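Structure file upload25.csv (CSV, C-alpha atoms) is printed below.
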```csv
chain,number,residue,atom,x,y,z
A,20,MET,CA,58.4,148.9,33.0
A,21,TYR,CA,61.6,149.8,34.8
A,22,LYS,CA,60.0,149.7,38.3
A,23,TRP,CA,59.0,146.1,37.8
A,24,TYR,CA,62.5,145.2,36.7
A,25,ALA,CA,64.0,147.0,39.7
A,26,LEU,CA,61.6,145.3,42.1
A,27,LYS,CA,62.3,141.9,40.7
A,28,ARG,CA,66.1,142.5,40.8
A,29,ILE,CA,65.9,143.7,44.4
A,30,LEU,CA,63.8,140.7,45.5
A,31,ARG,CA,66.2,138.3,43.7
A,32,GLY,CA,69.1,139.9,45.5
A,33,VAL,CA,67.4,139.5,48.9
A,34,PHE,CA,66.5,135.9,48.1
A,35,MET,CA,70.2,135.1,47.2
A,36,PHE,CA,71.4,136.7,50.4
A,37,ALA,CA,68.9,134.7,52.5
A,38,LEU,CA,69.8,131.5,50.6
A,39,LEU,CA,73.5,132.0,51.2
A,40,MET,CA,72.9,132.7,54.9
A,41,PHE,CA,70.9,129.5,55.2
A,42,ILE,CA,73.8,127.6,53.6
A,43,PHE,CA,76.4,129.2,55.9
A,44,SER,CA,74.1,128.4,58.9
A,45,PHE,CA,73.9,124.8,57.8
A,46,LEU,CA,77.7,124.4,57.3
A,47,PHE,CA,78.5,125.9,60.7
A,48,ASN,CA,75.6,124.3,62.6
A,49,GLN,CA,77.4,121.7,64.5
A,50,VAL,CA,80.2,124.0,65.7
A,51,ASN,CA,77.7,126.7,66.5
A,52,GLU,CA,75.6,124.4,68.7
A,53,GLN,CA,78.6,123.1,70.6
A,54,THR,CA,79.6,126.7,71.3
A,55,GLN,CA,76.1,127.6,72.4
A,56,ARG,CA,75.9,124.6,74.7
A,57,SER,CA,79.2,125.6,76.3
A,58,GLN,CA,77.9,129.2,76.7
A,59,ILE,CA,74.7,127.9,78.4
A,60,SER,CA,76.7,125.7,80.7
A,61,GLU,CA,78.9,128.6,81.7
A,62,GLN,CA,75.9,130.9,82.1
A,63,VAL,CA,74.1,128.5,84.4
A,64,LYS,CA,77.2,127.9,86.4
A,65,MET,CA,77.7,131.7,87.0
A,66,GLU,CA,74.0,132.2,87.9
A,67,SER,CA,74.0,129.3,90.3
A,68,MET,CA,77.0,130.8,92.2
A,69,ARG,CA,74.8,133.7,93.2
A,70,LEU,CA,72.2,131.5,94.8
A,71,LYS,CA,72.2,131.6,98.6
A,72,GLY,CA,70.5,129.5,101.3
A,73,MET,CA,69.9,126.5,99.0
A,74,LYS,CA,70.9,122.8,99.6
A,75,PRO,CA,73.2,121.1,97.0
A,76,GLU,CA,70.4,119.0,95.6
A,77,GLN,CA,68.2,122.1,95.2
A,78,ILE,CA,71.0,123.8,93.4
A,79,THR,CA,71.5,120.8,91.1
A,80,ALA,CA,67.8,120.8,90.3
A,81,TRP,CA,67.8,124.5,89.7
A,82,ARG,CA,70.7,124.1,87.3
A,83,ASP,CA,69.0,121.3,85.3
A,84,ASN,CA,65.8,123.4,85.1
A,85,ARG,CA,67.6,126.5,84.0
A,86,THR,CA,69.6,124.6,81.4
A,87,ASP,CA,66.4,123.2,79.9
A,88,GLN,CA,65.0,126.7,79.7
A,89,LEU,CA,67.9,128.1,77.8
A,90,ILE,CA,68.1,125.0,75.5
A,91,LYS,CA,64.4,125.6,74.6
A,92,MET,CA,65.0,129.4,74.2
A,93,TYR,CA,67.8,128.8,71.7
A,94,LYS,CA,65.7,126.0,70.1
A,95,LEU,CA,68.5,123.4,70.6
A,96,ASP,CA,65.8,120.8,71.3
A,97,ARG,CA,64.1,121.3,67.9
A,98,PRO,CA,64.7,119.3,64.7
A,99,LEU,CA,67.9,120.1,62.7
A,100,MET,CA,66.3,122.1,59.8
A,101,GLU,CA,64.3,124.2,62.3
A,102,ARG,CA,67.4,125.0,64.2
A,103,VAL,CA,69.3,125.9,61.1
A,104,LEU,CA,66.4,128.1,59.8
A,105,PHE,CA,66.2,129.8,63.2
A,106,ARG,CA,69.9,130.8,63.1
A,107,ALA,CA,69.6,131.8,59.4
A,108,VAL,CA,66.7,134.2,60.2
A,109,ASN,CA,68.7,135.7,63.0
A,110,THR,CA,71.7,136.2,60.7
A,111,VAL,CA,69.6,137.7,57.9
A,112,THR,CA,68.1,140.2,60.4
A,113,PHE,CA,71.6,141.0,61.7
A,114,ASN,CA,70.7,139.6,65.1
A,115,PHE,CA,74.2,138.0,65.6
A,116,GLY,CA,74.1,137.9,69.4
A,117,LYS,CA,77.2,137.9,71.6
A,118,SER,CA,80.7,136.8,70.7
A,119,THR,CA,82.3,133.9,72.6
A,120,MET,CA,85.9,135.2,72.7
A,121,ILE,CA,86.4,138.4,70.7
A,122,LYS,CA,85.7,141.8,72.2
A,123,SER,CA,85.6,145.3,70.7
A,124,SER,CA,88.1,148.0,71.7
A,125,LYS,CA,85.6,149.1,74.4
A,126,GLY,CA,85.4,145.6,75.8
A,127,GLU,CA,81.9,144.9,74.4
A,128,GLN,CA,81.0,141.4,73.1
A,129,ASP,CA,78.0,142.4,70.9
A,130,VAL,CA,78.9,141.0,67.5
A,131,LEU,CA,77.3,143.9,65.6
A,132,ASP,CA,79.5,146.4,67.6
A,133,ILE,CA,82.6,144.4,66.8
A,134,LEU,CA,81.8,144.3,63.1
A,135,MET,CA,80.9,148.0,62.9
A,136,GLU,CA,84.3,148.7,64.4
A,137,ALA,CA,86.2,146.7,61.8
A,138,LEU,CA,84.1,147.6,58.7
A,139,PRO,CA,85.1,151.3,58.4
A,140,ARG,CA,88.8,150.4,58.6
A,141,THR,CA,88.5,148.0,55.7
A,142,MET,CA,86.4,150.4,53.7
A,143,ILE,CA,88.7,153.4,54.1
A,144,LEU,CA,91.8,151.3,53.3
A,145,PHE,CA,90.6,149.6,50.2
A,146,THR,CA,88.4,152.4,48.9
A,147,LEU,CA,91.3,154.9,48.9
A,148,ALA,CA,93.6,152.3,47.3
A,149,ILE,CA,91.0,151.7,44.4
A,150,VAL,CA,90.7,155.5,43.9
A,151,PHE,CA,94.5,155.8,43.4
A,152,GLU,CA,94.5,152.7,41.2
A,153,LEU,CA,91.8,154.2,39.0
A,154,LEU,CA,93.5,157.6,38.7
A,155,ILE,CA,96.9,156.1,37.8
A,156,GLY,CA,95.5,153.2,35.8
A,157,ILE,CA,93.2,155.4,33.6
A,158,TRP,CA,96.0,157.9,32.9
A,159,LEU,CA,98.5,155.2,32.0
A,160,GLY,CA,96.0,153.2,30.0
A,161,LEU,CA,95.1,156.2,27.9
A,162,LYS,CA,98.8,157.0,27.3
A,163,LYS,CA,99.4,153.4,26.3
A,164,ALA,CA,96.5,153.4,23.9
A,165,GLN,CA,97.6,156.7,22.4
A,166,ARG,CA,100.7,155.0,20.9
A,167,PRO,CA,100.1,151.3,20.8
A,168,GLY,CA,103.3,149.3,20.2
A,169,GLY,CA,105.4,152.2,21.4
A,170,LYS,CA,108.1,152.2,24.0
A,171,LEU,CA,105.7,153.1,26.9
A,172,ASP,CA,103.2,150.5,25.8
A,173,LYS,CA,105.8,147.7,25.4
A,174,SER,CA,107.7,148.4,28.6
A,175,THR,CA,104.6,148.8,30.8
A,176,SER,CA,103.0,145.7,29.3
A,177,PHE,CA,106.1,143.7,30.3
A,178,ILE,CA,106.0,145.1,33.8
A,179,THR,CA,102.3,144.3,34.0
A,180,MET,CA,103.0,140.6,33.2
A,181,ILE,CA,105.5,140.5,36.1
A,182,ILE,CA,103.5,142.3,38.7
A,183,TYR,CA,100.0,141.2,37.9
A,184,GLY,CA,100.6,137.6,39.1
A,185,MET,CA,102.7,138.7,42.1
A,186,PRO,CA,101.2,137.6,45.5
A,187,SER,CA,100.1,140.6,47.6
A,188,TRP,CA,101.5,139.1,50.8
A,189,TRP,CA,105.0,138.7,49.2
A,190,LEU,CA,105.1,142.3,47.9
A,191,GLY,CA,103.8,143.5,51.2
A,192,MET,CA,106.6,141.8,53.1
A,193,MET,CA,109.2,143.1,50.7
A,194,LEU,CA,107.9,146.7,51.1
A,195,ILE,CA,107.8,146.3,54.9
A,196,LEU,CA,111.4,145.1,54.8
A,197,LEU,CA,112.4,148.1,52.6
A,198,PHE,CA,110.4,151.0,54.0
A,199,VAL,CA,110.2,149.9,57.7
A,200,TYR,CA,113.5,148.2,58.5
A,201,VAL,CA,115.9,149.8,55.9
A,202,PHE,CA,114.6,153.3,55.3
A,203,LYS,CA,112.5,153.5,58.5
A,204,LEU,CA,109.8,155.6,56.9
A,205,PHE,CA,106.6,153.8,58.0
A,206,PRO,CA,105.3,151.7,60.9
A,207,SER,CA,105.2,147.9,60.3
A,208,GLY,CA,101.5,147.6,61.0
A,209,GLY,CA,98.5,148.6,63.0
A,210,VAL,CA,96.0,151.3,62.6
A,211,ASN,CA,97.3,153.9,65.1
A,212,SER,CA,100.3,154.6,67.3
A,213,VAL,CA,100.3,153.7,71.0
A,214,PRO,CA,99.3,155.9,72.8
A,215,THR,CA,96.8,157.2,70.2
A,216,PRO,CA,97.3,160.9,69.4
A,217,GLN,CA,94.4,163.3,69.6
A,218,GLY,CA,93.0,166.0,67.2
A,219,PHE,CA,94.7,166.6,63.9
A,220,ALA,CA,97.7,164.5,65.0
A,221,PHE,CA,95.3,161.5,65.0
A,222,VAL,CA,94.5,162.1,61.3
A,223,LEU,CA,98.2,162.4,60.4
A,224,ASP,CA,99.0,159.3,62.4
A,225,ARG,CA,96.2,157.3,60.6
A,226,ILE,CA,97.5,158.4,57.2
A,227,TRP,CA,101.0,157.4,58.2
A,228,HIS,CA,99.8,153.9,59.1
A,229,MET,CA,97.7,153.6,56.0
A,230,ALA,CA,100.4,154.7,53.6
A,231,LEU,CA,102.3,151.4,53.2
A,232,PRO,CA,99.3,149.1,52.8
A,233,ILE,CA,97.8,151.5,50.2
A,234,LEU,CA,101.1,151.7,48.4
A,235,THR,CA,101.2,147.9,48.2
A,236,LEU,CA,97.6,147.7,46.9
A,237,VAL,CA,98.2,150.5,44.3
A,238,ILE,CA,101.4,148.9,43.0
A,239,LEU,CA,99.6,145.6,42.5
A,240,GLY,CA,96.4,147.1,41.1
A,241,PHE,CA,97.0,149.9,38.6
A,242,TRP,CA,99.2,147.9,36.1
A,243,GLY,CA,96.5,145.4,35.3
A,244,LEU,CA,93.9,148.1,35.2
A,245,SER,CA,95.9,150.2,32.8
A,246,PHE,CA,96.3,147.2,30.5
A,247,VAL,CA,92.5,146.6,30.4
A,248,ILE,CA,91.7,150.3,29.9
A,249,ARG,CA,94.3,150.4,27.1
A,250,ASN,CA,92.5,147.6,25.2
A,251,LEU,CA,89.1,149.2,25.9
A,252,VAL,CA,90.2,152.6,24.6
A,253,LEU,CA,92.2,151.3,21.6
A,254,SER,CA,89.2,150.5,19.4
A,255,THR,CA,87.5,153.7,20.5
A,256,LEU,CA,90.4,155.9,19.3
A,257,GLN,CA,89.8,154.5,15.8
A,258,GLU,CA,86.2,155.7,15.6
A,259,ASP,CA,85.2,158.3,13.1
A,260,TYR,CA,84.1,160.9,15.7
A,261,ILE,CA,87.5,160.7,17.4
A,262,MET,CA,89.3,161.2,14.0
A,263,SER,CA,87.0,164.1,13.3
A,264,ALA,CA,87.7,165.7,16.7
A,265,ARG,CA,91.4,165.5,16.1
A,266,ALA,CA,91.0,166.9,12.6
A,267,ARG,CA,89.1,169.9,14.0
A,268,GLY,CA,92.2,170.7,16.1
A,269,ILE,CA,90.7,169.7,19.5
A,270,PRO,CA,93.6,169.3,22.0
A,271,GLU,CA,94.7,165.7,22.5
A,272,SER,CA,94.1,165.8,26.2
A,273,LYS,CA,90.5,166.8,25.6
A,274,VAL,CA,90.1,164.1,23.0
A,275,LEU,CA,91.4,161.5,25.4
A,276,PHE,CA,89.7,162.5,28.6
A,277,GLY,CA,86.6,164.1,27.2
A,278,HIS,CA,85.5,162.0,24.2
A,279,THR,CA,87.3,158.7,24.5
A,280,LEU,CA,87.1,158.2,28.2
A,281,ARG,CA,83.4,159.1,28.3
A,282,THR,CA,82.7,156.3,25.8
A,283,ALA,CA,84.7,153.7,27.7
A,284,ALA,CA,83.3,154.8,31.1
A,285,PRO,CA,80.6,152.1,31.6
A,286,PRO,CA,83.0,149.1,31.7
A,287,ILE,CA,85.5,151.1,33.7
A,288,VAL,CA,82.8,151.9,36.3
A,289,THR,CA,81.8,148.3,36.4
A,290,MET,CA,85.4,147.1,37.0
A,291,ALA,CA,85.9,149.7,39.7
A,292,LEU,CA,82.7,148.9,41.5
A,293,LEU,CA,83.2,145.1,41.4
A,294,SER,CA,86.8,145.6,42.6
A,295,LEU,CA,85.5,147.7,45.5
A,296,LEU,CA,82.8,145.2,46.4
A,297,ALA,CA,85.3,142.3,46.3
A,298,SER,CA,87.8,144.2,48.5
A,299,LEU,CA,85.3,145.2,51.2
A,300,SER,CA,85.4,141.7,52.6
A,301,GLY,CA,89.0,142.4,53.4
A,302,ALA,CA,92.0,140.4,52.3
A,303,ILE,CA,92.7,137.9,55.1
A,304,ILE,CA,96.4,137.5,54.5
A,305,PHE,CA,97.0,141.1,53.4
A,306,GLU,CA,95.4,142.6,56.5
A,307,GLY,CA,97.2,140.1,58.7
A,308,ILE,CA,100.6,141.1,57.3
A,309,PHE,CA,100.0,144.8,58.1
A,310,SER,CA,98.1,144.0,61.3
A,311,TRP,CA,95.2,146.0,60.0
A,312,PRO,CA,92.2,145.4,62.2
A,313,GLY,CA,89.6,145.1,59.4
A,314,LEU,CA,87.0,142.5,58.4
A,315,GLY,CA,89.6,140.2,56.8
A,316,ASN,CA,91.7,140.2,59.9
A,317,LEU,CA,88.6,139.8,62.1
A,318,TYR,CA,87.5,136.8,60.0
A,319,TRP,CA,90.9,135.1,60.6
A,320,VAL,CA,90.9,135.8,64.3
A,321,ALA,CA,87.3,134.4,64.5
A,322,VAL,CA,88.4,131.2,62.8
A,323,GLN,CA,91.4,130.8,65.1
A,324,GLN,CA,89.4,131.4,68.2
A,325,ASN,CA,86.4,129.4,66.9
A,326,ASP,CA,84.1,132.4,67.5
A,327,ILE,CA,81.2,131.3,65.3
A,328,PRO,CA,78.9,134.3,66.0
A,329,VAL,CA,81.6,136.7,64.8
A,330,LEU,CA,82.4,134.5,61.9
A,331,MET,CA,78.7,134.4,60.8
A,332,GLY,CA,78.3,138.1,61.3
A,333,ASP,CA,81.4,138.8,59.2
A,334,LEU,CA,80.1,136.6,56.4
A,335,ALA,CA,76.7,138.2,56.6
A,336,ILE,CA,78.0,141.7,56.4
A,337,THR,CA,80.4,141.1,53.5
A,338,THR,CA,77.9,139.0,51.5
A,339,GLY,CA,75.2,141.5,52.1
A,340,ILE,CA,77.4,144.4,50.8
A,341,TYR,CA,78.5,142.4,47.8
A,342,GLN,CA,74.9,141.5,46.9
A,343,ALA,CA,73.7,145.1,47.4
A,344,GLY,CA,76.5,146.3,45.1
A,345,LEU,CA,75.5,143.8,42.4
A,346,VAL,CA,71.9,144.9,42.6
A,347,PHE,CA,72.9,148.6,42.5
A,348,LEU,CA,75.0,147.9,39.4
A,349,ASP,CA,72.1,146.1,37.7
A,350,LEU,CA,69.7,148.9,38.5
A,351,ILE,CA,72.1,151.5,37.0
A,352,TYR,CA,72.4,149.4,33.8
A,353,GLY,CA,68.6,148.9,33.7
A,354,PHE,CA,68.1,152.7,34.0
A,355,LEU,CA,70.6,153.5,31.2
A,356,ASP,CA,69.7,150.7,28.8
A,357,PRO,CA,66.1,150.7,27.6
A,358,ARG,CA,66.4,147.1,26.3
A,359,ILE,CA,66.8,146.0,30.0
A,360,LYS,CA,63.8,148.1,31.1
A,361,VAL,CA,61.4,146.2,28.9
A,362,GLY,CA,63.2,142.8,29.1
A,363,GLY,CA,64.3,143.0,25.4
A,364,LYS,CA,67.3,141.6,23.7
A,365,ALA,CA,70.0,143.1,21.6
```

In structure tokens, how does this file's structure come out?
Amino acid sequence: MYKWYALKRILRGVFMFALLMFIFSFLFNQVNEQTQRSQISEQVKMESMRLKGMKPEQITAWRDNRTDQLIKMYKLDRPLMERVLFRAVNTVTFNFGKSTMIKSSKGEQDVLDILMEALPRTMILFTLAIVFELLIGIWLGLKKAQRPGGKLDKSTSFITMIIYGMPSWWLGMMLILLFVYVFKLFPSGGVNSVPTPQGFAFVLDRIWHMALPILTLVILGFWGLSFVIRNLVLSTLQEDYIMSARARGIPESKVLFGHTLRTAAPPIVTMALLSLLASLSGAIIFEGIFSWPGLGNLYWVAVQQNDIPVLMGDLAITTGIYQAGLVFLDLIYGFLDPRIKVGGKA
């Protein structure tokens, strides 16, 4: 039954997410506890400064008592595995706490607020780039498959070999040099101008800042995608029903985009979804080059400033999205393929 397959797949995804969070909590345990102890010391110091009418020895005793309370609250006095499990449960339930250094644009230190501010920026940038990559890659791949070995196929395949292995940071810097400092068409980075415009001007300003990063991602992405689609479609074009459709006088565009593309759609959808899931974590170097304040750039800032709560929150969000996407993809396949529903084999 499909419902049992779906339930097992969802539970397996939740288990994998919890297991990964436990591993991350264990790896960052020592640094996290050092940070927490420093926070406790700072908190006790600030609270003791507000005490009035107490002798120095009384204040010292109060500080020691308050420190012990906070240590027990955060379970820093418990065995190692219990401490790791406690932090893993907090991470799985998205209870990330407060950041140590990083603040949101509104000055808040709640980790979830900081993450929810960065996540939409990464999503809009990489999602739009993948949409453009798909549109151009599918069109070019179909044209290449239409005449394999032709001039278009050979020339674009040669370009693909050059661009596919090109580092994104290098191409990004070259495009910044060209379009920012030579032609002066785009800003060098950031998400908005300062001061930030209002109304419709805000939308235009955001598009202006997104144009160069998206252009870089599209240039890097659609060549390889078109090559894969060309190989997927090539065998389909030799099928009898395609030959029959051409013999009946159906326009070539309808044969390509109606018959052929529909047959090759499942692997194309899989590639697109996996590319989107992988990109939602944000490219650390890429976002850094364009000063794009997304999850990738936030991760790098958290590493530099040793902000473990933000680092763990970033890992939890990106890992959770990726796991949810994989589960969603498996559920779609399970719904479409009856062999998966009943646990059969080909």

Take CA of Ser174 in chain A and CA of Leu251 in chain A and report the distance between them in Å, one decimal.
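One can read the CA of Ser174 in chain A to CA of Leu251 in chain A distance as 18.8 Å.
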
Computed gap from CA of Asp129 in chain A to CA of Leu317 in chain A is 14.0 Å

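For the residues A:Ala302, A:Met185, A:Glu127, A:Met120, ranking by smallest atom-to-atom distance to Gln323 in chain A using all atoms listed in the file places A:Met120 first.
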
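Comparing the minimum interatomic distances between Gly168 in chain A and each of A:Leu244, A:Leu253, A:Ile59, A:Ile121, counting all atoms listed in the file, we find that A:Leu253 sits nearest.
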
What residues have an atom no more than 12 Å from (109.0, 142.3, 55.0) in the file's own frame, counting only C-alpha atoms, and can you write them as a list in words?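 Protein and nucleic acid residues near the point are Ser187, Trp188, Trp189, Leu190, Gly191, Met192, Met193, Leu194, Ile195, Leu196, Leu197, Phe198, Val199, Tyr200, Val201, Pro206, Ser207, Gly208, Leu231, Thr235, Ile308 and Phe309 of chain A.
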
Nearest to Asn109 in chain A, restricted to all atoms listed in the file and choosing among A:Leu350, A:Met290, A:Met40, A:Met92, comes out as A:Met40

Quick one: distance from CA of Gly277 in chain A to CA of Gly344 in chain A in Å, one decimal?
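Computed distance, CA of Gly277 in chain A to CA of Gly344 in chain A, equals 27.2 Å.
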
Shortest interatomic distance to Phe47 in chain A - which of A:Thr255, A:Asn325, A:Ser294, A:Ile181, counting all atoms listed in the file
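Of the candidates, the smallest distance to Phe47 in chain A is held by A:Asn325.
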
Please provide the set of residues having any atom within 12 Å of Pro285 in chain A, restricted to all atoms listed in the file, with same-chain residues fewer than 5 positions apart removed, written as a CSV table (one decimal) with C-alpha atoms, keeping the file's coordinate frame.
```
chain,number,residue,atom,x,y,z
A,248,ILE,CA,91.7,150.3,29.9
A,251,LEU,CA,89.1,149.2,25.9
A,252,VAL,CA,90.2,152.6,24.6
A,279,THR,CA,87.3,158.7,24.5
A,280,LEU,CA,87.1,158.2,28.2
A,290,MET,CA,85.4,147.1,37.0
A,291,ALA,CA,85.9,149.7,39.7
A,292,LEU,CA,82.7,148.9,41.5
A,348,LEU,CA,75.0,147.9,39.4
A,351,ILE,CA,72.1,151.5,37.0
A,352,TYR,CA,72.4,149.4,33.8
A,355,LEU,CA,70.6,153.5,31.2
A,356,ASP,CA,69.7,150.7,28.8
```

Could you pull the residues within 10 Å of Gly243 in chain A, counting only C-alpha atoms, minus those fewer than 2 positions along the same chain, as an mmCIF file with C-alpha atoms, keeping the file's coordinate frame?
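Below you can see part_37.cif, which holds the result:
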```
data_model
loop_
_atom_site.group_PDB
_atom_site.id
_atom_site.type_symbol
_atom_site.label_atom_id
_atom_site.label_comp_id
_atom_site.auth_asym_id
_atom_site.auth_seq_id
_atom_site.Cartn_x
_atom_site.Cartn_y
_atom_site.Cartn_z
ATOM 1 C CA GLU A 152 94.500 152.700 41.200
ATOM 2 C CA GLY A 156 95.500 153.200 35.800
ATOM 3 C CA GLY A 160 96.000 153.200 30.000
ATOM 4 C CA THR A 175 104.600 148.800 30.800
ATOM 5 C CA SER A 176 103.000 145.700 29.300
ATOM 6 C CA ILE A 178 106.000 145.100 33.800
ATOM 7 C CA THR A 179 102.300 144.300 34.000
ATOM 8 C CA MET A 180 103.000 140.600 33.200
ATOM 9 C CA ILE A 182 103.500 142.300 38.700
ATOM 10 C CA TYR A 183 100.000 141.200 37.900
ATOM 11 C CA GLY A 184 100.600 137.600 39.100
ATOM 12 C CA ILE A 238 101.400 148.900 43.000
ATOM 13 C CA LEU A 239 99.600 145.600 42.500
ATOM 14 C CA GLY A 240 96.400 147.100 41.100
ATOM 15 C CA PHE A 241 97.000 149.900 38.600
ATOM 16 C CA SER A 245 95.900 150.200 32.800
ATOM 17 C CA PHE A 246 96.300 147.200 30.500
ATOM 18 C CA VAL A 247 92.500 146.600 30.400
ATOM 19 C CA ILE A 248 91.700 150.300 29.900
ATOM 20 C CA ARG A 249 94.300 150.400 27.100
#
```

Residue with the minimum atom-to-atom distance to Ile155 in chain A, picked from A:Phe105, A:Trp242, A:Phe205, A:Trp227 with all atoms listed in the file counted, is A:Trp242

> Mind listing as a PyMOL selection string all residues within 12 Å of (78.2, 140.4, 54.1), counting only C-alpha atoms?
Replying inline: chain A and resi 35-37+39-40+43+110-113+134-135+138+296-301+314-315+318+329-344

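For the set A:Glu66, A:Asp87, A:Glu61, A:Glu101, the residue with the smallest atom-to-atom gap to Phe45 in chain A is A:Glu101, counting only C-alpha atoms.
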
Which residues are near Leu147 in chain A? Cut-off 10 Å, all atoms listed in the file, ignore same chain within fewer than 6 positions. Put them as number ranges by chain. A: 153, 229, 233, 236-237, 295
